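protein.cif (mmCIF, C-alpha atoms) appears below.
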data_model
loop_
_atom_site.group_PDB
_atom_site.id
_atom_site.type_symbol
_atom_site.label_atom_id
_atom_site.label_comp_id
_atom_site.auth_asym_id
_atom_site.auth_seq_id
_atom_site.Cartn_x
_atom_site.Cartn_y
_atom_site.Cartn_z
ATOM 1 C CA TYR J 1237 252.493 278.707 330.701
ATOM 2 C CA ARG J 1238 250.016 277.487 328.107
ATOM 3 C CA ALA J 1239 252.217 278.908 325.342
ATOM 4 C CA GLU J 1240 255.187 276.872 326.593
ATOM 5 C CA ALA J 1241 253.006 273.798 327.081
ATOM 6 C CA SER J 1242 251.823 274.047 323.472
ATOM 7 C CA LYS J 1243 255.448 273.635 322.360
ATOM 8 C CA GLY J 1244 255.672 270.384 324.273
ATOM 9 C CA SER J 1245 258.370 271.746 326.590
ATOM 10 C CA LEU J 1246 256.159 272.152 329.641
ATOM 11 C CA LYS J 1247 253.485 270.089 331.354
ATOM 12 C CA ILE J 1248 250.857 271.813 333.490
ATOM 13 C CA TRP J 1249 249.358 269.893 336.379
ATOM 14 C CA LEU J 1250 246.502 270.747 338.712
ATOM 15 C CA THR J 1251 247.023 270.189 342.442
ATOM 16 C CA VAL J 1252 243.916 269.246 344.411
ATOM 17 C CA GLY J 1253 244.050 269.616 348.185
ATOM 18 C CA GLY J 1254 247.005 270.811 350.231
ATOM 19 C CA ALA J 1255 247.413 272.202 353.734
ATOM 20 C CA GLY J 1256 244.130 273.656 354.958
ATOM 21 C CA ARG J 1257 242.371 272.535 351.773
ATOM 22 C CA SER J 1258 242.041 268.778 352.268
ATOM 23 C CA GLY J 1259 238.871 268.573 354.346
ATOM 24 C CA GLY J 1260 236.629 267.856 351.390
ATOM 25 C CA PHE J 1261 238.327 264.573 350.586
ATOM 26 C CA ARG J 1262 236.885 262.839 353.628
ATOM 27 C CA ALA J 1263 233.227 263.046 352.612
ATOM 28 C CA PHE J 1264 233.284 261.967 348.965
ATOM 29 C CA SER J 1265 236.104 259.412 349.318
ATOM 30 C CA LYS J 1266 234.028 257.159 351.569
ATOM 31 C CA SER J 1267 232.130 255.623 348.649
ATOM 32 C CA GLN J 1268 233.036 254.328 345.207
ATOM 33 C CA THR J 1269 230.323 256.547 343.763
ATOM 34 C CA GLY J 1270 231.899 259.617 345.330
ATOM 35 C CA ARG J 1271 235.396 258.647 344.197
ATOM 36 C CA ASP J 1272 234.270 257.995 340.632
ATOM 37 C CA LEU J 1273 232.387 261.293 340.471
ATOM 38 C CA PHE J 1274 235.461 263.145 341.705
ATOM 39 C CA ALA J 1275 237.651 261.397 339.131
ATOM 40 C CA SER J 1276 235.204 262.193 336.323
ATOM 41 C CA ASN J 1277 234.981 265.866 337.315
ATOM 42 C CA LEU J 1278 238.778 266.032 337.603
ATOM 43 C CA VAL J 1279 239.218 264.705 334.070
ATOM 44 C CA GLN J 1280 236.662 267.168 332.693
ATOM 45 C CA LEU J 1281 238.392 270.069 334.446
ATOM 46 C CA CYS J 1282 241.789 269.048 333.078
ATOM 47 C CA LYS J 1283 240.340 268.734 329.578
ATOM 48 C CA ARG J 1284 238.624 272.109 329.754
ATOM 49 C CA GLU J 1285 241.766 273.889 330.965
ATOM 50 C CA GLY J 1286 244.151 272.025 328.694
ATOM 51 C CA LEU J 1287 246.093 270.441 331.562
ATOM 52 C CA ASN J 1288 248.356 267.412 331.345
ATOM 53 C CA GLY J 1289 247.437 265.810 334.635
ATOM 54 C CA ALA J 1290 246.613 266.218 338.297
ATOM 55 C CA ASP J 1291 248.259 265.906 341.685
ATOM 56 C CA ILE J 1292 246.390 264.559 344.712
ATOM 57 C CA ASP J 1293 247.574 266.279 347.902
ATOM 58 C CA TRP J 1294 245.412 264.902 350.730
ATOM 59 C CA GLN J 1295 247.025 266.109 353.942
ATOM 60 C CA ASP J 1296 246.135 265.442 357.581
ATOM 61 C CA ILE J 1297 245.007 261.843 357.073
ATOM 62 C CA SER J 1298 244.164 260.933 360.654
ATOM 63 C CA ASN J 1299 243.194 257.249 360.796
ATOM 64 C CA GLU J 1300 243.353 253.904 359.005
ATOM 65 C CA SER J 1301 239.929 254.336 357.415
ATOM 66 C CA GLU J 1302 240.938 257.643 355.806
ATOM 67 C CA TYR J 1303 244.201 256.090 354.656
ATOM 68 C CA GLU J 1304 242.323 253.293 352.906
ATOM 69 C CA ASP J 1305 239.949 255.808 351.292
ATOM 70 C CA PHE J 1306 242.999 257.802 350.171
ATOM 71 C CA LEU J 1307 244.457 254.760 348.405
ATOM 72 C CA LYS J 1308 241.133 253.965 346.722
ATOM 73 C CA LEU J 1309 240.825 257.578 345.581
ATOM 74 C CA LEU J 1310 244.271 257.450 343.992
ATOM 75 C CA LEU J 1311 243.313 254.328 342.075
ATOM 76 C CA SER J 1312 240.021 255.819 340.844
ATOM 77 C CA ALA J 1313 241.690 259.058 339.760
ATOM 78 C CA SER J 1314 244.570 257.202 338.133
ATOM 79 C CA LYS J 1315 242.249 255.000 336.094
ATOM 80 C CA ALA J 1316 240.219 257.962 334.857
ATOM 81 C CA LEU J 1317 243.207 260.178 334.037
ATOM 82 C CA HIS J 1318 245.255 257.480 332.354
ATOM 83 C CA LYS J 1319 242.278 256.502 330.202
ATOM 84 C CA GLU J 1320 242.421 260.025 328.725
ATOM 85 C CA GLY J 1321 246.211 259.998 328.335
ATOM 86 C CA MET J 1322 246.759 262.245 331.360
ATOM 87 C CA LEU J 1323 249.168 261.865 334.262
ATOM 88 C CA ILE J 1324 248.707 261.599 338.017
ATOM 89 C CA SER J 1325 250.983 262.340 340.936
ATOM 90 C CA VAL J 1326 250.534 262.227 344.689
ATOM 91 C CA THR J 1327 252.056 264.630 347.207
ATOM 92 C CA THR J 1328 252.498 262.826 350.499
ATOM 93 C CA ARG J 1329 254.720 261.278 353.146
ATOM 94 C CA GLN J 1330 252.475 258.237 353.455
ATOM 95 C CA ARG J 1331 253.659 254.748 352.677
ATOM 96 C CA LEU J 1332 252.023 253.507 349.478
ATOM 97 C CA PRO J 1333 251.539 249.800 348.661
ATOM 98 C CA SER J 1334 253.037 248.427 345.455
ATOM 99 C CA HIS J 1335 249.703 248.125 343.613
ATOM 100 C CA VAL J 1336 249.116 251.871 344.140
ATOM 101 C CA LEU J 1337 252.687 252.845 343.254
ATOM 102 C CA GLU J 1338 252.237 251.063 339.939
ATOM 103 C CA GLU J 1339 249.305 253.328 339.083
ATOM 104 C CA VAL J 1340 250.793 256.751 339.891
ATOM 105 C CA ASP J 1341 253.285 258.470 337.618
ATOM 106 C CA ARG J 1342 255.205 260.169 340.383
ATOM 107 C CA ALA J 1343 255.220 260.571 344.160
ATOM 108 C CA GLN J 1344 256.176 263.990 345.462
ATOM 109 C CA PHE J 1345 257.802 263.689 348.882
ATOM 110 C CA MET J 1346 256.942 266.583 351.183
ATOM 111 C CA GLY J 1347 260.485 267.402 352.280
ATOM 112 C CA TYR J 1348 259.412 270.203 354.601
ATOM 113 C CA ASP J 1349 257.573 270.808 357.900
ATOM 114 C CA LEU J 1350 259.619 267.920 359.299
ATOM 115 C CA LEU J 1351 260.103 269.066 362.879
ATOM 116 C CA ILE J 1352 260.873 266.045 365.007
ATOM 117 C CA GLY J 1353 261.340 266.312 368.760
ATOM 118 C CA GLY J 1354 265.039 266.395 369.590
ATOM 119 C CA GLY J 1355 265.961 266.726 365.906
ATOM 120 C CA PRO J 1356 267.225 269.658 363.831
ATOM 121 C CA LYS J 1357 265.320 272.919 364.180
ATOM 122 C CA HIS J 1358 265.276 273.461 360.425
ATOM 123 C CA HIS J 1359 262.026 272.002 359.118
ATOM 124 C CA ALA J 1360 263.726 270.678 355.965
ATOM 125 C CA SER J 1361 267.131 269.596 357.245
ATOM 126 C CA TYR J 1362 269.294 267.557 354.903
ATOM 127 C CA SER J 1363 269.720 264.693 357.376
ATOM 128 C CA VAL J 1364 266.004 264.201 358.070
ATOM 129 C CA VAL J 1365 264.910 264.622 354.448
ATOM 130 C CA THR J 1366 267.470 262.189 353.034
ATOM 131 C CA GLN J 1367 266.789 259.606 355.746
ATOM 132 C CA MET J 1368 263.082 259.684 354.938
ATOM 133 C CA ILE J 1369 263.706 259.410 351.194
ATOM 134 C CA GLU J 1370 265.924 256.392 351.866
ATOM 135 C CA GLN J 1371 263.060 254.927 353.908
ATOM 136 C CA TRP J 1372 260.737 255.404 350.927
ATOM 137 C CA ILE J 1373 263.206 253.528 348.729
ATOM 138 C CA ASP J 1374 263.413 250.733 351.318
ATOM 139 C CA TRP J 1375 259.610 250.558 351.233
ATOM 140 C CA GLY J 1376 259.745 249.871 347.516
ATOM 141 C CA PHE J 1377 259.093 253.295 346.003
ATOM 142 C CA PRO J 1378 260.612 253.285 342.491
ATOM 143 C CA GLU J 1379 263.435 255.828 342.570
ATOM 144 C CA GLU J 1380 262.474 257.280 339.188
ATOM 145 C CA LYS J 1381 258.999 258.156 340.492
ATOM 146 C CA ILE J 1382 260.211 259.976 343.619
ATOM 147 C CA ILE J 1383 260.169 263.779 343.384
ATOM 148 C CA LEU J 1384 261.856 265.618 346.251
ATOM 149 C CA GLY J 1385 259.859 268.546 347.599
ATOM 150 C CA ILE J 1386 261.934 271.612 348.501
ATOM 151 C CA PRO J 1387 260.460 274.505 350.525
ATOM 152 C CA GLY J 1388 260.544 278.119 349.454
ATOM 153 C CA TYR J 1389 259.771 279.345 352.957
ATOM 154 C CA ALA J 1390 261.448 279.578 356.344
ATOM 155 C CA ARG J 1391 260.312 278.796 359.874
ATOM 156 C CA HIS J 1392 261.663 280.599 362.937
ATOM 157 C CA LYS J 1393 263.965 278.435 365.016
ATOM 158 C CA ASP J 1394 262.295 279.458 368.291
ATOM 159 C CA ALA J 1395 258.704 279.679 367.056
ATOM 160 C CA ALA J 1396 258.038 277.321 364.161
ATOM 161 C CA SER J 1397 254.606 278.816 363.516
ATOM 162 C CA GLN J 1398 256.294 282.048 362.433
ATOM 163 C CA ILE J 1399 256.859 281.745 358.675
ATOM 164 C CA LYS J 1400 258.486 283.949 356.062
ATOM 165 C CA THR J 1401 259.017 283.285 352.382
ATOM 166 C CA VAL J 1402 262.553 283.302 351.034
ATOM 167 C CA ALA J 1403 261.511 286.282 348.900
ATOM 168 C CA GLU J 1404 260.738 288.197 352.109
ATOM 169 C CA LEU J 1405 264.155 287.304 353.530
ATOM 170 C CA LEU J 1406 265.836 288.564 350.365
ATOM 171 C CA ASP J 1407 263.854 291.791 350.573
ATOM 172 C CA ASP J 1408 265.075 292.069 354.175
ATOM 173 C CA GLY J 1409 268.726 292.023 353.101
ATOM 174 C CA LEU J 1410 269.705 288.353 352.698
ATOM 175 C CA LYS J 1411 272.335 287.945 349.974
ATOM 176 C CA ASP J 1412 274.705 285.106 350.927
ATOM 177 C CA ASP J 1413 273.578 281.930 349.148
ATOM 178 C CA ALA J 1414 275.348 279.746 351.736
ATOM 179 C CA LEU J 1415 273.441 281.059 354.758
ATOM 180 C CA GLU J 1416 270.691 278.802 356.108
ATOM 181 C CA GLU J 1417 269.550 281.218 358.821
ATOM 182 C CA TRP J 1418 268.515 284.854 358.620
ATOM 183 C CA LYS J 1419 267.426 286.731 361.739
ATOM 184 C CA GLY J 1420 266.308 283.491 363.382
ATOM 185 C CA TYR J 1421 264.547 282.050 360.328
ATOM 186 C CA LEU J 1422 265.822 278.711 359.028
ATOM 187 C CA PHE J 1423 265.444 277.842 355.348
ATOM 188 C CA ASP J 1424 266.912 275.972 352.377
ATOM 189 C CA SER J 1425 269.705 278.132 351.004
ATOM 190 C CA PRO J 1426 270.797 277.773 347.381
ATOM 191 C CA LYS J 1427 273.902 275.967 348.669
ATOM 192 C CA LEU J 1428 271.775 273.457 350.596
ATOM 193 C CA ILE J 1429 269.463 273.045 347.607
ATOM 194 C CA ARG J 1430 272.418 272.206 345.363
ATOM 195 C CA LYS J 1431 273.456 269.591 347.943
ATOM 196 C CA LYS J 1432 269.957 268.115 347.890
ATOM 197 C CA MET J 1433 269.969 268.066 344.088
ATOM 198 C CA LYS J 1434 273.246 266.135 344.199
ATOM 199 C CA PHE J 1435 271.463 263.588 346.426
ATOM 200 C CA VAL J 1436 268.616 263.443 343.893
ATOM 201 C CA LYS J 1437 271.045 262.663 341.066
ATOM 202 C CA GLN J 1438 273.142 260.181 343.055
ATOM 203 C CA ASN J 1439 270.031 258.212 343.965
ATOM 204 C CA ASN J 1440 268.481 258.395 340.486
ATOM 205 C CA LEU J 1441 265.340 260.109 341.743
ATOM 206 C CA GLY J 1442 262.809 261.525 339.308
ATOM 207 C CA GLY J 1443 263.557 265.152 340.141
ATOM 208 C CA ALA J 1444 262.558 267.903 342.549
ATOM 209 C CA VAL J 1445 259.699 270.344 343.027
ATOM 210 C CA LEU J 1446 259.689 273.745 344.735
ATOM 211 C CA TRP J 1447 256.847 274.552 347.090
ATOM 212 C CA GLU J 1448 256.142 277.055 345.965
ATOM 213 C CA LEU J 1449 257.176 279.330 343.097
ATOM 214 C CA GLY J 1450 255.499 282.309 344.733
ATOM 215 C CA HIS J 1451 257.889 282.029 347.696
ATOM 216 C CA ASP J 1452 260.966 282.464 345.483
ATOM 217 C CA LYS J 1453 262.250 285.806 344.239
ATOM 218 C CA GLN J 1454 262.803 286.506 340.573
ATOM 219 C CA PHE J 1455 265.281 289.052 339.220
ATOM 220 C CA LYS J 1456 265.432 290.910 335.916
ATOM 221 C CA ASP J 1457 268.305 288.876 334.492
ATOM 222 C CA HIS J 1458 267.280 285.690 336.328
ATOM 223 C CA PRO J 1459 263.522 285.282 335.914
ATOM 224 C CA GLY J 1460 263.676 281.687 337.113
ATOM 225 C CA GLY J 1461 264.294 282.737 340.693
ATOM 226 C CA TRP J 1462 266.979 282.502 343.397
ATOM 227 C CA LEU J 1463 265.945 279.017 344.536
ATOM 228 C CA LEU J 1464 264.883 277.652 341.170
ATOM 229 C CA HIS J 1465 268.270 278.568 339.730
ATOM 230 C CA ALA J 1466 269.910 276.567 342.510
ATOM 231 C CA MET J 1467 267.686 273.582 341.704
ATOM 232 C CA SER J 1468 268.990 273.705 338.131
ATOM 233 C CA GLY J 1469 272.591 273.926 339.350
ATOM 234 C CA LYS J 1470 273.053 277.642 338.677
ATOM 235 C CA ARG J 1471 274.074 280.512 340.951
ATOM 236 C CA ILE J 1472 273.159 284.180 341.136
ATOM 237 C CA ALA J 1473 276.002 286.444 342.247
ATOM 238 C CA LYS J 1474 275.445 288.704 345.246
ATOM 239 C CA GLU J 1475 275.904 291.834 343.161
ATOM 240 C CA GLU J 1476 273.014 290.734 340.923
ATOM 241 C CA LEU J 1477 270.503 290.639 343.791
#

Give the structure from the file, written as structure tokens.
Amino acid sequence: YRAEASKGSLKIWLTVGGAGRSGGFRAFSKSQTGRDLFASNLVQLCKREGLNGADIDWQDISNESEYEDFLKLLLSASKALHKEGMLISVTTRQRLPSHVLEEVDRAQFMGYDLLIGGGPKHHASYSVVTQMIEQWIDWGFPEEKIILGIPGYARHKDAASQIKTVAELLDDGLKDDALEEWKGYLFDSPKLIRKKMKFVKQNNLGGAVLWELGHDKQFKDHPGGWLLHAMSGKRIAKEEL
């Protein structure tokens, strides 16, 4: 990755937080001193590792106070990173006020784990994801900053806590790139991903991100991966799997 980045064709970002890894935000984000120290350490880490920027992924925000601390943290990190010519993104479903949106380079919408009572059983259904993106646009999110998150994993339709990666489904015999269910597991098929990418282009969004690369399956002649190829508009024939 560093070799590609040195050519200017790839940017490497560091994600801080995520599911099960966001608890630490609460303590240091309560004070300006804590937020500034975090931002300073983040910049130093990015410099040391030769990274282009950082993504803040604070999940499980549970109250208004944490939400306000989250916004202040984004502003502190943005100021520090931008001062050094680095970039900042935020992975979230939260509504962000205009003064915060102005300071982040992109907002990655978590288009997965969206199980709503009475709604589709697929946790990343096209209807729910696109409706929520349209809500973001109505809220004032600049289209060019919105990055659509696409899952590389499946949840069981009768037990959502049961998860398998798409790579595991392929190893189990899945081959049809139009199927969105395999042995009870619901997932984004390459066909559905291409449909989502069409939505991205039609709405002039900034792009899409796969969560995560390790959930995809790479093949000898297609090192990008089954899902990543679909995101780029390509297909892998069944006989090549």

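If you apply the PyMOL selection byres ((chain J and resi 1408-1413) around 8) to this structure, you end up with Glu1404, Leu1405, Leu1406, Asp1407, Ala1414, Leu1415, Trp1418, Ser1425, Pro1426, Lys1427, Lys1474 and Leu1477 of chain J.
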
>> To test your reading of the syntax: which residues would the PyMOL selection byres ((chain J and resi 1388) around 12) return for the file shown? Reply as a ChimeraX atom specification.
In response: /J:1347-1349,1359-1360,1385-1387,1389-1391,1399-1406,1422-1426,1429,1445-1453,1461-1464,1466-1467

Export of prior selection with C-alpha atoms as a PDB file, keeping the file's coordinate frame:
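Okay, this is what ended up in part36.pdb:
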ATOM      1  CA  GLY J1347     260.485 267.402 352.280  1.00  0.00           C
ATOM      2  CA  TYR J1348     259.412 270.203 354.601  1.00  0.00           C
ATOM      3  CA  ASP J1349     257.573 270.808 357.900  1.00  0.00           C
ATOM      4  CA  HIS J1359     262.026 272.002 359.118  1.00  0.00           C
ATOM      5  CA  ALA J1360     263.726 270.678 355.965  1.00  0.00           C
ATOM      6  CA  GLY J1385     259.859 268.546 347.599  1.00  0.00           C
ATOM      7  CA  ILE J1386     261.934 271.612 348.501  1.00  0.00           C
ATOM      8  CA  PRO J1387     260.460 274.505 350.525  1.00  0.00           C
ATOM      9  CA  TYR J1389     259.771 279.345 352.957  1.00  0.00           C
ATOM     10  CA  ALA J1390     261.448 279.578 356.344  1.00  0.00           C
ATOM     11  CA  ARG J1391     260.312 278.796 359.874  1.00  0.00           C
ATOM     12  CA  ILE J1399     256.859 281.745 358.675  1.00  0.00           C
ATOM     13  CA  LYS J1400     258.486 283.949 356.062  1.00  0.00           C
ATOM     14  CA  THR J1401     259.017 283.285 352.382  1.00  0.00           C
ATOM     15  CA  VAL J1402     262.553 283.302 351.034  1.00  0.00           C
ATOM     16  CA  ALA J1403     261.511 286.282 348.900  1.00  0.00           C
ATOM     17  CA  GLU J1404     260.738 288.197 352.109  1.00  0.00           C
ATOM     18  CA  LEU J1405     264.155 287.304 353.530  1.00  0.00           C
ATOM     19  CA  LEU J1406     265.836 288.564 350.365  1.00  0.00           C
ATOM     20  CA  LEU J1422     265.822 278.711 359.028  1.00  0.00           C
ATOM     21  CA  PHE J1423     265.444 277.842 355.348  1.00  0.00           C
ATOM     22  CA  ASP J1424     266.912 275.972 352.377  1.00  0.00           C
ATOM     23  CA  SER J1425     269.705 278.132 351.004  1.00  0.00           C
ATOM     24  CA  PRO J1426     270.797 277.773 347.381  1.00  0.00           C
ATOM     25  CA  ILE J1429     269.463 273.045 347.607  1.00  0.00           C
ATOM     26  CA  VAL J1445     259.699 270.344 343.027  1.00  0.00           C
ATOM     27  CA  LEU J1446     259.689 273.745 344.735  1.00  0.00           C
ATOM     28  CA  TRP J1447     256.847 274.552 347.090  1.00  0.00           C
ATOM     29  CA  GLU J1448     256.142 277.055 345.965  1.00  0.00           C
ATOM     30  CA  LEU J1449     257.176 279.330 343.097  1.00  0.00           C
ATOM     31  CA  GLY J1450     255.499 282.309 344.733  1.00  0.00           C
ATOM     32  CA  HIS J1451     257.889 282.029 347.696  1.00  0.00           C
ATOM     33  CA  ASP J1452     260.966 282.464 345.483  1.00  0.00           C
ATOM     34  CA  LYS J1453     262.250 285.806 344.239  1.00  0.00           C
ATOM     35  CA  GLY J1461     264.294 282.737 340.693  1.00  0.00           C
ATOM     36  CA  TRP J1462     266.979 282.502 343.397  1.00  0.00           C
ATOM     37  CA  LEU J1463     265.945 279.017 344.536  1.00  0.00           C
ATOM     38  CA  LEU J1464     264.883 277.652 341.170  1.00  0.00           C
ATOM     39  CA  ALA J1466     269.910 276.567 342.510  1.00  0.00           C
ATOM     40  CA  MET J1467     267.686 273.582 341.704  1.00  0.00           C
TER      41      MET J1467
END

>> If we count all atoms listed in the file and set the cut-off at 12 Å, which residues sit around Leu1332 of chain J, ignoring sequence neighbours fewer than 5 positions away in its own chain? Please answer as a ChimeraX atom specification.
In response: /J:1303-1304,1306-1308,1310-1311,1326-1327,1337-1340,1342-1345,1371-1378,1382

>> Which residue is closest to Glu1417 of chain J? Choose from J:Lys1393, J:Gln1268, J:Phe1274, J:Ile1324 and count only C-alpha atoms.
In response: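 Closest residue, counting only C-alpha atoms: J:Lys1393.
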
> What residues come out when you apply the PyMOL selection byres ((chain J and resi 1238-1254) around 7) to this file, written as a PyMOL selection string?
Replying inline: chain J and resi 1237+1255-1258+1287-1295

Give one line per residue of segment 1279-1381 of chain J that approaches segment 1438-1441 of chain J to at most 9 Å, naming the two atoms of the closest pair and their distance in Å to one decimal, counting all atoms listed in the file; sort by chain then ascending residue number and deliver it as a Markdown table.
| residue | atom | partner | partner_atom | distance |
| --- | --- | --- | --- | --- |
| J:Pro1378 | CA | J:Leu1441 | CA | 8.3 |
| J:Glu1379 | CA | J:Leu1441 | CA | 4.8 |
| J:Glu1380 | CA | J:Leu1441 | CA | 4.8 |
| J:Lys1381 | CA | J:Leu1441 | CA | 6.8 |

Emit the selected residues as a compact mmCIF listing (two decimals), in the frame of the given file, including C-alpha atoms.
# COMPACT_ATOMS: atom_id res chain seq x y z
CA PRO J 1378 260.61 253.28 342.49
CA GLU J 1379 263.44 255.83 342.57
CA GLU J 1380 262.47 257.28 339.19
CA LYS J 1381 259.00 258.16 340.49

Near Arg1271 of chain J, within 12 Å and counting only C-alpha atoms, which residues show up once chain neighbours fewer than 5 positions away are dropped, as a PDB file with C-alpha atoms, in the coordinates of the input?
ATOM      1  CA  GLY J1260     236.629 267.856 351.390  1.00  0.00           C
ATOM      2  CA  PHE J1261     238.327 264.573 350.586  1.00  0.00           C
ATOM      3  CA  ARG J1262     236.885 262.839 353.628  1.00  0.00           C
ATOM      4  CA  ALA J1263     233.227 263.046 352.612  1.00  0.00           C
ATOM      5  CA  PHE J1264     233.284 261.967 348.965  1.00  0.00           C
ATOM      6  CA  SER J1265     236.104 259.412 349.318  1.00  0.00           C
ATOM      7  CA  LYS J1266     234.028 257.159 351.569  1.00  0.00           C
ATOM      8  CA  SER J1276     235.204 262.193 336.323  1.00  0.00           C
ATOM      9  CA  ASN J1277     234.981 265.866 337.315  1.00  0.00           C
ATOM     10  CA  LEU J1278     238.778 266.032 337.603  1.00  0.00           C
ATOM     11  CA  ASP J1305     239.949 255.808 351.292  1.00  0.00           C
ATOM     12  CA  PHE J1306     242.999 257.802 350.171  1.00  0.00           C
ATOM     13  CA  LEU J1307     244.457 254.760 348.405  1.00  0.00           C
ATOM     14  CA  LYS J1308     241.133 253.965 346.722  1.00  0.00           C
ATOM     15  CA  LEU J1309     240.825 257.578 345.581  1.00  0.00           C
ATOM     16  CA  LEU J1310     244.271 257.450 343.992  1.00  0.00           C
ATOM     17  CA  LEU J1311     243.313 254.328 342.075  1.00  0.00           C
ATOM     18  CA  SER J1312     240.021 255.819 340.844  1.00  0.00           C
ATOM     19  CA  ALA J1313     241.690 259.058 339.760  1.00  0.00           C
ATOM     20  CA  SER J1314     244.570 257.202 338.133  1.00  0.00           C
ATOM     21  CA  LYS J1315     242.249 255.000 336.094  1.00  0.00           C
ATOM     22  CA  ALA J1316     240.219 257.962 334.857  1.00  0.00           C
TER      23      ALA J1316
END

> Which is closest to Lys1319 of chain J among J:Gly1354, J:Gly1460, J:Val1279, J:Lys1432, if we use all atoms listed in the file?
Replying inline: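 Going through J:Gly1354, J:Gly1460, J:Val1279, J:Lys1432 one by one, the smallest distance to Lys1319 of chain J is for J:Val1279.
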
> Quick one: distance from atom CA of Ala1395 of chain J to atom CA of Tyr1421 of chain J in Å, one decimal?
Replying inline: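 Atom-to-atom, atom CA of Ala1395 of chain J and atom CA of Tyr1421 of chain J are spaced 9.2 Å apart.
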
>> Using all atoms listed in the file, can you tell me which of J:Gly1420, J:Pro1459, J:Pro1333, J:Gly1443 comes closest to Ile1383 of chain J?
In response: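 Nearest candidate to Ile1383 of chain J out of J:Gly1420, J:Pro1459, J:Pro1333, J:Gly1443: J:Gly1443.
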
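Separating atom CA of Gly1355 of chain J from atom CA of Glu1300 of chain J is a distance of 26.9 Å.
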
>> Would you compute the distance between atom CA of Ser1334 of chain J and atom CA of Gly1270 of chain J? Give it in Å to one decimal.
In response: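 Computed distance, atom CA of Ser1334 of chain J to atom CA of Gly1270 of chain J, equals 23.9 Å.
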
>> Need the shell around Leu1351 of chain J: protein/DNA/RNA residues with any atom at most 10 Å away, counting only C-alpha atoms. Skip same-chain ones fewer than 5 positions apart. Format as a list in words?
In response: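 Counting only C-alpha atoms, the residues come to Pro1356, Lys1357, His1358, His1359, Ala1360, Ser1361, Val1364 and Ala1396 of chain J.
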
> Nearest to Glu1320 of chain J: which of J:Gln1280, J:Leu1350, J:Ser1397, J:Asp1296 is it, counting all atoms listed in the file?
Replying inline: J:Gln1280
